[in-house]
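Asks: Here you go, one structure.
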Amino acid sequence: MPRNMQDYDATRASFRWQVPERFNFATNVVDHLAGETDGLALIWANAAGEERIFRFSDISAASKRAASALAARGIGKGDVVLVMTPRIPEWQIAMVACLRLGAVAIPCIEMLTSKDLAFRISHAGVKGVICRASHVAKFDGILENTPVRLSIGGARAGFDDWDSALAMAEPEITPAEVMADDPAVLYYTSGSTGMPKGVLHAARGIYAWRGSAEFWLDLGPGDIIWCTADVGWSKAGTSILFGPWSAGACSFFYDGPFDPAERLRLLAKYRVTVYCAPGTELFRVVDEDIATHDLTRLRHTVSSGETLNPVVADRWRRRTGIPILEAYGQTETLMTLLNYACKEVRDGSMGLPMPGLDLDVIDDSGRRLPAGTEGEIAIRLPVPQMMLGYLHDEERTLKSVIDTPDGQWFLTGDRGERDLDGYFYYRGRRDDVINSSGYRIGPTEVENALLEHPAVLECAVIGKPDSERGEIVKAFIVLREAQQMTEALARQIQEHVKKCTAPYKYPREVEAVTDLPKTQTGKIQRKALRDLEKARIFRTPETGPEI
């Protein structure tokens, strides 16, 4: 039986947003829980067997010292701080410290290259950086206008030691007054063209994201959730930090390589009650010997970030007795379509709108389409969890919204349809963004990296359908004269891309071609290449040879 919602239709009909005029996550959630119940907030472990446990009072105290250390170095309300760590408790402490000051945090994964970081630092006007000492070298030459620098794990040239800074900081600090519409967190996400988009969210968004923790994750005090997302993704905000703590639940945080058998061992050891993982992870875990692990505490499994394979969902349900509840969301909105413990789960469906949201499938003019008709998935505005906009890109922000007689709609860029009962089904992207294992990858970023290789004359990058990852990055390359594609050159090109941009973006397949399909104006037609790959995959003897 779900703990938070027993009747979806009644809850949705009666739900009303009650966003406070002021909201500071550090004080209104962390400090509040520290003084009220002071339950477990965070259990951390790593592959070496180390373990650290924090109550809300521990997070409150540490984040106050971290905020004091940042403030003493000049960080204040509205300043931007880049936080780049692996899955370690310092990530939560740093994020809460920034929110306490009213500063805007940019959570980043450590796979980012110096080029990736330089863009974010310049684009967002970053004033402070927090990273591990082992990654300080990535910032060489790109922090000219970034005076505040803290390194975790020891001081480095130009960086103050994190532990020493906190030890010397004042234990108390006056928190910033944060209004609901004040900027609070900035995520960078890949687009179909150009550099990543900066998606800026307000404090009201952080407040509103508790909805997915209540209705989808079904969290409350006493729960332990393990969300395996990396810290740079907005999913980590809703399912590791903001959502669970807003519900008074504890997060389990693991810093170690992916091993499906180890996943099950940790689920059992730490008595995890809610497991949140992408479909590609569940694809591997479900084939392990689940029966040998004590998962009696596990009551809830959820997945998002990519379409879940129905075969995986069925296997998981048969082997654990627990359905996988999918959800759909975007960096711009976070979770909006959910499957619920109190409702029928339909495999392959993105679910039903979260209480408080009006989603529909619309045509190009903004008209709602009937059931069974494909169109664009859109969200009716205003809603508090919607982004403030794309940073320094008013044109893109305006283009993402359409005005109609029925109101204003945010266009998700995703195609879909809904059935007669209101369940939504995903039908693909409107643009060229690649979704591989939950990672959104812009083809232009990869193409720009490929073009820096001396053997590459032209290239085009697409997402190729893949049974395990959803899509993989595939590159079609026109080589320069006198160059011939070999396995060695393909590997060399792949390694080159890993060095030029975040390694997860590299093309897992490289194919040499004599030319690329183009429009009359010379624009490369990625869609023609995607259609080619689909034809190759689904070609049967009856359809004849590929043309």
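Ordering of the structure tokens sets the chain letters (A, B, ...), residue numbers begin anew at 1 in every chain, and ligands are numbered from 1 in the order given.
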Taking 2 positions as the minimum chain separation for residues in the same chain, which residues sit within 12 Å of Thr296 of chain A when counting only C-alpha atoms? Answer as a PyMOL selection string.

Replies: chain A and resi 264+267-274+290-294+298-300+320-322

Asks: Enumerate as a PyMOL selection string all residues of segment 6-252 of chain A assigned to strand (DSSP E) by DSSP on the backbone, naming them with the chain letters and numbers the document uses.

Replies: chain A and resi 40-46+51-55+80-84+104-108+128-132+148-152+160-161+183-189+197-202+224-227+250-252

Asks: Between A:Leu112, A:Met485, A:Leu42, A:Ala72, single out the one closest to Thr514 of chain A, counting only C-alpha atoms.

Replies: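 Under the stated criterion, the closest residue is A:Met485.
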
Asks: So that I can see what lies close to Ala13 of chain A, please list as a PyMOL selection string the residues with an atom at most 12 Å from it, counting only C-alpha atoms and leaving out residues fewer than 5 positions away in the same chain.

Replies: chain A and resi 7-8+353-358

Asks: Store the residues picked out above in a file with C-alpha atoms, as a PDB file, in the first residue's frame.

Replies:
ATOM      1  CA  ASP A   7      -6.526   7.823  -4.722  1.00  0.00           C
ATOM      2  CA  TYR A   8      -4.895   9.564  -7.676  1.00  0.00           C
ATOM      3  CA  PRO A 353       0.326  14.033 -14.943  1.00  0.00           C
ATOM      4  CA  MET A 354       1.551  14.829 -11.456  1.00  0.00           C
ATOM      5  CA  PRO A 355      -1.078  16.513  -9.256  1.00  0.00           C
ATOM      6  CA  GLY A 356      -0.918  20.240  -9.885  1.00  0.00           C
ATOM      7  CA  LEU A 357       0.121  19.880 -13.534  1.00  0.00           C
ATOM      8  CA  ASP A 358      -1.835  19.986 -16.773  1.00  0.00           C
TER       9      ASP A 358
END

Asks: Near Glu214 of chain A, within 12 Å and counting only C-alpha atoms, which residues show up once chain neighbours fewer than 3 positions away are dropped, as number ranges by chain?

Replies: A: 2-6, 11, 208-211, 217-221, 223, 238-239, 242-249, 335, 338, 340-341, 354-355

Asks: Using N, CA and C atoms, can you export the residues from the last selection as a short mmCIF file (atom, residue, chain, number, x, y, z; two decimals), in the first residue's frame?

Replies:
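Okay, result.cif is ready:
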data_model
loop_
_atom_site.label_atom_id
_atom_site.label_comp_id
_atom_site.auth_asym_id
_atom_site.auth_seq_id
_atom_site.Cartn_x
_atom_site.Cartn_y
_atom_site.Cartn_z
N PRO A 2 0.66 2.17 -0.92
CA PRO A 2 1.45 3.41 -0.91
C PRO A 2 1.22 4.19 0.37
N ARG A 3 2.27 4.91 0.82
CA ARG A 3 2.15 5.62 2.07
C ARG A 3 1.60 7.03 1.90
N ASN A 4 1.70 7.60 0.70
CA ASN A 4 1.38 9.02 0.54
C ASN A 4 0.11 9.31 -0.23
N MET A 5 -0.31 8.42 -1.14
CA MET A 5 -1.49 8.71 -1.95
C MET A 5 -2.21 7.41 -2.26
N GLN A 6 -3.49 7.32 -1.87
CA GLN A 6 -4.28 6.13 -2.13
C GLN A 6 -5.25 6.30 -3.30
N THR A 11 -6.89 13.03 -5.39
CA THR A 11 -5.77 13.90 -5.03
C THR A 11 -5.54 14.96 -6.08
N ALA A 208 8.90 22.94 -5.18
CA ALA A 208 7.88 22.17 -5.89
C ALA A 208 8.32 20.75 -6.21
N TRP A 209 9.62 20.52 -6.29
CA TRP A 209 10.10 19.18 -6.64
C TRP A 209 9.80 18.15 -5.56
N ARG A 210 9.36 18.60 -4.40
CA ARG A 210 8.94 17.64 -3.37
C ARG A 210 7.73 16.83 -3.84
N GLY A 211 7.03 17.36 -4.85
CA GLY A 211 5.87 16.63 -5.37
C GLY A 211 6.23 15.26 -5.89
N LEU A 217 8.11 8.87 -5.79
CA LEU A 217 9.05 8.13 -4.95
C LEU A 217 8.37 7.59 -3.70
N ASP A 218 7.24 8.20 -3.31
CA ASP A 218 6.43 7.73 -2.18
C ASP A 218 7.25 7.71 -0.88
N LEU A 219 7.99 8.79 -0.65
CA LEU A 219 8.93 8.85 0.46
C LEU A 219 8.34 9.49 1.70
N GLY A 220 8.92 9.11 2.84
CA GLY A 220 8.58 9.72 4.11
C GLY A 220 9.65 9.39 5.13
N PRO A 221 9.54 9.90 6.35
CA PRO A 221 10.52 9.59 7.40
C PRO A 221 10.66 8.08 7.58
N ASP A 223 12.27 6.13 5.47
CA ASP A 223 12.66 5.56 4.19
C ASP A 223 14.14 5.82 3.93
N THR A 238 16.30 16.03 -7.55
CA THR A 238 14.97 15.61 -7.12
C THR A 238 14.97 14.30 -6.34
N SER A 239 15.94 13.41 -6.63
CA SER A 239 15.87 12.08 -6.02
C SER A 239 17.02 11.73 -5.09
N PHE A 242 17.06 17.27 -2.91
CA PHE A 242 15.89 18.10 -2.59
C PHE A 242 14.64 17.29 -2.29
N GLY A 243 14.33 16.32 -3.14
CA GLY A 243 13.11 15.54 -2.92
C GLY A 243 13.12 14.73 -1.64
N PRO A 244 14.11 13.84 -1.46
CA PRO A 244 14.12 13.00 -0.25
C PRO A 244 14.15 13.81 1.04
N TRP A 245 15.00 14.83 1.10
CA TRP A 245 15.09 15.59 2.35
C TRP A 245 13.84 16.41 2.61
N SER A 246 13.19 16.88 1.57
CA SER A 246 11.91 17.59 1.77
C SER A 246 10.87 16.66 2.36
N ALA A 247 11.01 15.36 2.10
CA ALA A 247 10.08 14.36 2.65
C ALA A 247 10.56 13.78 3.97
N GLY A 248 11.72 14.24 4.47
CA GLY A 248 12.25 13.72 5.73
C GLY A 248 12.89 12.36 5.60
N ALA A 249 13.20 11.94 4.37
CA ALA A 249 13.78 10.62 4.14
C ALA A 249 15.31 10.71 4.11
N MET A 335 10.33 16.21 -12.86
CA MET A 335 9.33 15.18 -13.13
C MET A 335 7.92 15.76 -13.31
N LEU A 338 4.09 10.78 -14.15
CA LEU A 338 4.51 9.77 -13.18
C LEU A 338 3.61 8.54 -13.25
N TYR A 340 2.17 5.67 -10.58
CA TYR A 340 1.88 5.76 -9.15
C TYR A 340 1.62 4.38 -8.55
N ALA A 341 2.00 4.25 -7.29
CA ALA A 341 1.78 2.97 -6.60
C ALA A 341 0.30 2.65 -6.44
N MET A 354 1.43 14.65 -12.90
CA MET A 354 1.55 14.83 -11.46
C MET A 354 0.46 15.79 -10.97
N PRO A 355 -0.11 15.56 -9.79
CA PRO A 355 -1.08 16.51 -9.26
C PRO A 355 -0.52 17.93 -9.30
#

Asks: Could the residues of segment 366-392 of chain A that have an atom at most 7 Å from segment 415-420 of chain A be listed as a Markdown table, each with its closest atom pair and the distance in Å to one decimal, counting only C-alpha atoms and ordered by chain and ascending residue number?

Replies:
| residue | atom | partner | partner_atom | distance |
| --- | --- | --- | --- | --- |
| A:Ala371 | CA | A:Asp419 | CA | 5.0 |
| A:Gly372 | CA | A:Asp419 | CA | 5.6 |
| A:Thr373 | CA | A:Glu417 | CA | 5.6 |
| A:Glu374 | CA | A:Glu417 | CA | 4.7 |
| A:Gly375 | CA | A:Arg415 | CA | 5.5 |
| A:Glu376 | CA | A:Arg415 | CA | 4.6 |
| A:Ile377 | CA | A:Arg415 | CA | 5.8 |

Asks: Pick out the residues sitting within 9 Å of Leu359 of chain A, and hand them over as a ChimeraX atom specification; count only C-alpha atoms, and ignore anything fewer than 6 positions along from it in its own chain.

Replies: /A:336-337,352-353,377-380,409

Asks: If we count only C-alpha atoms, what is near Leu200 of chain A at a cut-off of 7 Å, once residues fewer than 6 positions away on the same chain are taken out, given as JSON, numbers by chain?

Replies: {"A": [183, 185, 186, 187, 387, 388, 389, 390, 391]}

Asks: Work out how far apart atom CA of Tyr275 of chain A and atom CA of Trp226 of chain A are and give it in Å to one decimal.

Replies: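 Atom CA of Trp226 of chain A lies at a distance of 5.1 Å from atom CA of Tyr275 of chain A.
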
Asks: Within 10 Å of Asn28 of chain A, counting only C-alpha atoms, which residues show up once you throw out same-chain ones fewer than 6 positions away? Write them as a list in words, please.

Replies: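 So, after excluding close chain neighbours, the residues are Arg22, Arg100, Tyr207 and Ser246 of chain A.
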